[in-house]
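Novice: Take a look at this one; I'll ask things after.
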Amino acid sequence: MQPDLLCGNQAATVLQHFRTHRPLVHCLTNDVVQTFTANTLLALRASPAMVPDEQEAAQFAALADALLINVGTLTTPRAAGMMAAIHAANNAGKPWALDPVAVGALQLRTTFAHQACELRPAAIRGNASEIMALAGSGTGGRGVDSLQPAEQAIDAAVRLARSSGAVVAVTGEVDYVTDGERTLAVPGGDVLMTYVVGTGCALSAVVAASCALPGDRLVNVAGACRIMSCAGELAVAASRGPGSFVPAMLDALWNLNEGALA
Amino acid sequence: MQPDLLCGNQAATVLQHFRTHRPLVHCLTNDVVQTFTANTLLALRASPAMVPDEQEAAQFAALADALLINVGTLTTPRAAGMMAAIHAANNAGKPWALDPVAVGALQLRTTFAHQACELRPAAIRGNASEIMALAGSGTGGRGVDSLQPAEQAIDAAVRLARSSGAVVAVTGEVDYVTDGERTLAVPGGDVLMTYVVGTGCALSAVVAASCALPGDRLVNVAGACRIMSCAGELAVAASRGPGSFVPAMLDALWNLNEGALA
Amino acid sequence: MQPDLLCGNQAATVLQHFRTHRPLVHCLTNDVVQTFTANTLLALRASPAMVPDEQEAAQFAALADALLINVGTLTTPRAAGMMAAIHAANNAGKPWALDPVAVGALQLRTTFAHQACELRPAAIRGNASEIMALAGSGTGGRGVDSLQPAEQAIDAAVRLARSSGAVVAVTGEVDYVTDGERTLAVPGGDVLMTYVVGTGCALSAVVAASCALPGDRLVNVAGACRIMSCAGELAVAASRGPGSFVPAMLDALWNLNEGALA
């Protein structure tokens, strides 16, 4: 299956939808990236909220437009809150996305992520090692870093999309997004983004938000990837290193126009 | 009751007191805004510390000059630590402030915030939906966003001030600060601040700190609001979006002079 | 015992080792500084990961190259995860470093830190009040702030190094690093760094990482201190306050060259 290239016009439509619909995203994510995740959604005019308590998480997942589950700093009490939120989102017909950070070698998160995959995620976003581990064809990366290029995980992503029903995005130098039938390739981004914590996690929040937008989910998720990689390119051009990259990335998302995407 | 306008001179005096007295603020706040909250206090020459364990929180609340309670990511163990800190602060005669983030629809935090209001907070800072929900005249906002302008919550704020004994600040395009008898209006700020996570939460930390300063508490809290809105205006003028706003805001607080406030 | 001055050449070698070896650092640190800590390690080309669950922490500590234990927002469940990680690191022969934030007056962390000191830390990094409290010659600072200059803690640092077997760094206007026999003085840095949350905590992560590098551990830890103080100086020169300092510090670490250190 040869991936198609996502069109700039398609990404531009997704961007417009973010700004018009302003989805409210319930983010149950890791400790390290909460601020950057929230600010990324806000820069796109989406609305973030983090509600971790088990009972409140269930209440809030039904009110929000989408839910993000990121297992980066999973603990047992958090896993309970996440499961409650997933079930509440499913009952309310709200989409939810999974970021299987460092799934593979570490036990609690690996068990949790496999269970979560049975609960009809709308989307899954990970690096090659994570997607391969989740699809059963690898043992994970080294910490949060992938040991494989994204290309090598395309087959695993297609399998995972088919078994879970999710749109699966495997991100790397080129991102690949598949619903198990069609696969889109999304080029762009910059290696500097891998030296800034949370760029992948924030992308997963944007992927979750994109699942609440109108239109084709596959295109929405691929559009989310392209919006982030395009803003990343602009931010790299405007920065002197990974420190100034962070504010520049949020400014680029805020000021992003359809011309830059097309 | 027609609100009076806070004078620039009054805000300038509060700023001077921050820099002279450098209050040590025990911040029990949400996961998303801890870094920005700490850096905001430091930029004002105040001193932040976060001590969440129940027993340590009680020890530390007695040592610190003021305490902030923010329920944004409340969980049951954290609620226990917060309650222990509130009681210790009260016993030691130290002021404490409440930020009732998203109180209204969500159960744990709403119950907690109502209980906390009985424990003599020195100040309460929230948006219109939060203050109305806490005063019993509304069911809260949408996530962390208010559904009403601040003006509409003035009556609720006055009622809440009278029932709780706190100075109540309801913030929005204009901030209103009341002790139940007098009400001050604090204009300023910029809509861009609503696209940066934690500006409201950081303000609540500054409000808590202001309660440890000498002078009239109503004026101190209103001064805290004006210091933050003034720094926000300067930061917007110096930034290209919500990303560069964050460093610019902290720089503006650091460099703020009395002339800008007057 | 008169401290020797660390040579710029020695710090330059440590910097080179960071970039070549890129140690993977398991960071069990406080809630307030996680993002800045991760970005600091990444700017040095090291690799951070935070894995707090007790069972996973033990798994991951054996895989990582070094472990950081920072008790800034210690709670009982976290203490359990940290102890599991320390034992796993020791069993796997991986070095670990302790940051005894605010040890002295607060009970949970003080007890924990004293126990941890018995478990063969490779390095300990704290301010004068913290090191003196840990060495048994003081009752701690005021919150996270030291009440003593670093000079006054040199004797305590030497004693603590001898009793724990760790390289001990007591940081302040001048940093002193000792293995109990030799002591190195590391000048540099800027007072503005004390108005930015997490500069000390991030240094402790760099210290932990440095313990995984080849060469003399005393020189590695002192080199870590000098790399951070040098980047801090460059960042102060490039910033307008504590807000712009943060991105400038990460950019400075990223772009740091051996000439600046020498």
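Just remember, in the structure tokens the first chain shown is A, the second B, etc., residues are 1-based per chain, and ligands are 1-based in the order shown.
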Pick out the chain C residues within 6 Å of chain A. Count only C-alpha atoms. Give them as a PyMOL selection string.
Specialist: chain C and resi 34-35+39+42+51+53+56+247+250-251
Novice: The selected residues should be written to file as a CSV table (one decimal), in the first residue's frame (atoms: C-alpha atoms).
Specialist:
chain,number,residue,atom,x,y,z
C,34,GLN,CA,9.7,18.8,35.2
C,35,THR,CA,9.5,20.6,31.9
C,39,ASN,CA,14.5,20.6,28.3
C,42,LEU,CA,17.7,17.7,26.0
C,51,VAL,CA,8.6,7.1,35.2
C,53,ASP,CA,5.0,4.3,39.2
C,56,GLU,CA,7.8,0.8,36.5
C,247,PRO,CA,14.5,30.2,26.6
C,250,LEU,CA,18.3,26.5,26.9
C,251,ASP,CA,19.6,28.1,23.8
Novice: I want to know what sits within 12 Å of Phe112 in chain A, based on only C-alpha atoms, with residues of the same chain fewer than 2 positions away left out; could you give that as a ChimeraX atom specification?
Specialist: /A:69-72,74-76,78-80,82-83,86,98-101,103-104,106-110,114-119,134
Novice: Please produce an output containing C-alpha atoms for each residue in the selection, written as a compact mmCIF listing (two decimals), in the first residue's frame.
Specialist:
# COMPACT_ATOMS: atom_id res chain seq x y z
CA ILE A 69 -5.09 9.69 27.21
CA ASN A 70 -1.29 9.90 27.51
CA VAL A 71 0.43 7.27 29.65
CA GLY A 72 3.80 9.02 30.02
CA LEU A 74 1.03 6.64 34.49
CA THR A 75 0.31 5.57 38.06
CA THR A 76 -2.40 3.28 39.36
CA ARG A 78 -4.33 7.91 37.29
CA ALA A 79 -5.06 4.77 35.32
CA ALA A 80 -8.35 4.52 37.21
CA MET A 82 -8.30 7.49 32.68
CA MET A 83 -10.40 4.34 32.41
CA ILE A 86 -12.64 6.60 28.47
CA LEU A 98 -4.29 7.44 22.96
CA ASP A 99 -0.61 8.38 23.22
CA PRO A 100 1.22 5.17 24.24
CA VAL A 101 4.38 6.87 25.57
CA VAL A 103 4.87 1.40 25.80
CA GLY A 104 6.78 -1.82 25.40
CA LEU A 106 7.32 -0.89 31.10
CA GLN A 107 4.60 -3.01 32.58
CA LEU A 108 1.81 -0.82 33.99
CA ARG A 109 1.52 1.33 30.88
CA THR A 110 1.86 -1.57 28.47
CA HIS A 114 -3.41 -2.84 25.41
CA GLN A 115 -6.65 -2.69 27.42
CA ALA A 116 -7.35 0.83 26.15
CA CYS A 117 -6.94 -0.32 22.54
CA GLU A 118 -9.95 -2.59 23.09
CA LEU A 119 -12.09 0.44 24.01
CA LEU A 134 1.33 -1.77 20.68
Novice: Among range 68-182 of chain C, which residues carry a DSSP assignment of strand (DSSP E), reported as a count of residues only?
Specialist: 19
Novice: Name the residues in contact with Val168 in chain B at a cut-off of 9 Å, using only C-alpha atoms, excluding same-chain residues fewer than 4 positions from it; report them as an MDAnalysis selection string.
Specialist: chainID B and resid 122:126 131 157:158 160:161 176:180 218 221
Novice: Report as a PyMOL selection string all protein, DNA and RNA residues lying within 6 Å of range 228-235 of chain C, evaluated on only C-alpha atoms, omitting residues in the same chain fewer than 2 positions from it.
Specialist: chain C and resi 188-189+225-226+237-238+245+248-249+252-253
Novice: Residues at most 8 Å from Ala49 in chain C, counting only C-alpha atoms, excluding those fewer than 5 positions away in the same chain, as a list in words?
Specialist: Gly143 and Val144 of chain A; Leu24, Val25, His26, Cys27 and Ala38 of chain C
Novice: For Ser146 in chain B, list every protein, DNA or RNA residue within 9 Å, evaluated using only C-alpha atoms, and leave out those in the same chain fewer than 3 positions away; present the list as number ranges by chain.
Specialist: B: 102, 127-130, 140-143, 149-150, 172
Novice: Write out as a list in words each polymer residue whose atoms come within 9 Å of Leu213 in chain A, counting only C-alpha atoms; drop sequence neighbours fewer than 5 positions from it.
Specialist: Val14, His17, Phe18, His21, Arg22, Pro23 and Asn220 of chain A
Novice: For CA of Asn257 in chain C and CA of Asp65 in chain C, quote the distance in Å rounded to one decimal.
Specialist: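 Separating CA of Asn257 in chain C from CA of Asp65 in chain C is a distance of 24.2 Å.
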Novice: Could you work out how far CA of Arg217 in chain A lies from CA of Ala88 in chain A, giving the answer in Å with one decimal?
Specialist: 20.8 Å
